[in-house]
Amino acid sequence: MKECTDSSLEHLVESLVEAMVEVHTVDPELSELLGSEVPHRADGTVDFSIRFHEAFRIALAPHTASFGTKIDLDTRAFVMANLVDALGHAAALRRPRGLSLARAKAESCKAILAYLAL
């Protein structure tokens, strides 16, 4: 993510979605197993969530001039991190048969960029 801070916002989003999809397509069964068996509790994952949020905040900070003015950076980082996670998982593991992986990634990027433009 650090390498993307000097690139365009579009490149940052595309890189993050690509990385999330890649992680989950290497071993889809393991991804599904971890997603269903590892406990997801706010109190059990606080440290990871804070580090994850901070990484997204740092990556987004250089791009604030291209954002709308309605939403603060912390909120954008929180929502973007969760959009990348949710859409990346869905593109890799739960897309409909008629939707190619390339199209799913492209549509995910469009959705995230639309949110960031608010």
# chains A, B, ... in the order shown; residues from 1 in each chain; ligands from 1
>>> select_by_dssp(residues="range 6-115 of chain A", states="helix (DSSP H, G or I)", output="ChimeraX atom specification")
/A:6,9-26,28-37,46-66,73-93,101-115
>>> residues_around(residues="Leu113 in chain A", least_positions_apart="4", cutoff="8 Å", atoms="only C-alpha atoms", output="list of chain:residue names")
A:Glu10, A:Val13, A:Cys109, A:Ala117
>>> write_last_selection(atoms="N, CA and C atoms", output="PDB file, in the first residue's frame")
ATOM      1  N   GLU A  10      -6.988   6.283  -8.570  1.00  0.00           N
ATOM      2  CA  GLU A  10      -7.496   5.145  -9.339  1.00  0.00           C
ATOM      3  C   GLU A  10      -6.536   3.960  -9.236  1.00  0.00           C
ATOM      4  N   VAL A  13      -6.760   2.370  -5.704  1.00  0.00           N
ATOM      5  CA  VAL A  13      -7.956   1.537  -5.547  1.00  0.00           C
ATOM      6  C   VAL A  13      -7.818   0.244  -6.343  1.00  0.00           C
ATOM      7  N   CYS A 109     -13.997  -1.398  -8.290  1.00  0.00           N
ATOM      8  CA  CYS A 109     -13.206  -0.162  -8.296  1.00  0.00           C
ATOM      9  C   CYS A 109     -14.088   1.051  -8.555  1.00  0.00           C
ATOM     10  N   ALA A 117     -15.603   9.958  -4.073  1.00  0.00           N
ATOM     11  CA  ALA A 117     -15.898  11.238  -4.694  1.00  0.00           C
ATOM     12  C   ALA A 117     -16.977  12.028  -3.946  1.00  0.00           C
TER      13      ALA A 117
END
>>> closest_residue(among="A:Leu12, A:Leu99, A:Val21, A:Ala90", to="Phe56 in chain A", atoms="only C-alpha atoms")
A:Leu12
>>> closest_residue(among="A:Ser7, A:Ala106, A:Gly98, A:Leu118", to="Lys70 in chain A", atoms="only C-alpha atoms")
A:Leu118
>>> residues_around(residues="Leu116 in chain A", least_positions_apart="5", cutoff="8 Å", atoms="only C-alpha atoms", output="ChimeraX atom specification")
/A:67-68,76,80
>>> write_last_selection(atoms="N, CA, C and O atoms", output="PDB file, in the first residue's frame")
ATOM      1  N   PHE A  67     -11.243  14.399  -3.184  1.00  0.00           N
ATOM      2  CA  PHE A  67     -12.468  13.966  -2.516  1.00  0.00           C
ATOM      3  C   PHE A  67     -13.465  15.110  -2.451  1.00  0.00           C
ATOM      4  O   PHE A  67     -13.105  16.274  -2.503  1.00  0.00           O
ATOM      5  N   GLY A  68     -14.712  14.738  -2.252  1.00  0.00           N
ATOM      6  CA  GLY A  68     -15.716  15.732  -1.919  1.00  0.00           C
ATOM      7  C   GLY A  68     -15.437  16.230  -0.499  1.00  0.00           C
ATOM      8  O   GLY A  68     -14.477  15.803   0.141  1.00  0.00           O
ATOM      9  N   ARG A  76     -13.690   8.038   5.666  1.00  0.00           N
ATOM     10  CA  ARG A  76     -13.384   7.514   4.330  1.00  0.00           C
ATOM     11  C   ARG A  76     -12.484   6.279   4.425  1.00  0.00           C
ATOM     12  O   ARG A  76     -12.698   5.297   3.721  1.00  0.00           O
ATOM     13  N   MET A  80     -13.682   2.766   3.109  1.00  0.00           N
ATOM     14  CA  MET A  80     -12.925   2.216   1.992  1.00  0.00           C
ATOM     15  C   MET A  80     -12.321   0.857   2.348  1.00  0.00           C
ATOM     16  O   MET A  80     -12.364  -0.074   1.546  1.00  0.00           O
TER      17      MET A  80
END
>>> residues_around(residues="Thr75 in chain A", least_positions_apart="6", cutoff="10 Å", atoms="only C-alpha atoms", output="PyMOL selection string")
chain A and resi 53+57+81
>>> write_last_selection(atoms="N, CA, C and O atoms", output="PDB file, in the first residue's frame")
ATOM      1  N   HIS A  53      -6.986   0.182   9.481  1.00  0.00           N
ATOM      2  CA  HIS A  53      -7.557   1.516   9.272  1.00  0.00           C
ATOM      3  C   HIS A  53      -6.452   2.542   9.057  1.00  0.00           C
ATOM      4  O   HIS A  53      -6.538   3.367   8.144  1.00  0.00           O
ATOM      5  N   ARG A  57      -5.799   5.010   5.930  1.00  0.00           N
ATOM      6  CA  ARG A  57      -5.787   6.458   6.156  1.00  0.00           C
ATOM      7  C   ARG A  57      -4.530   7.083   5.556  1.00  0.00           C
ATOM      8  O   ARG A  57      -4.595   8.109   4.886  1.00  0.00           O
ATOM      9  N   ALA A  81     -11.751   0.737   3.525  1.00  0.00           N
ATOM     10  CA  ALA A  81     -11.169  -0.539   3.947  1.00  0.00           C
ATOM     11  C   ALA A  81     -12.220  -1.643   3.922  1.00  0.00           C
ATOM     12  O   ALA A  81     -11.957  -2.758   3.459  1.00  0.00           O
TER      13      ALA A  81
END
>>> atom_distance(atom1="CA of Ser100 in chain A", atom2="CA of Ala114 in chain A")
21.1 Å
>>> atom_distance(atom1="CA of Ala77 in chain A", atom2="CA of Glu54 in chain A")
7.8 Å
>>> residues_around(residues="range 16-19 of chain A", least_positions_apart="4", cutoff="9 Å", atoms="only C-alpha atoms", output="ChimeraX atom specification")
/A:1,11-12,23-24,84-85,87-88,105-106,108-109
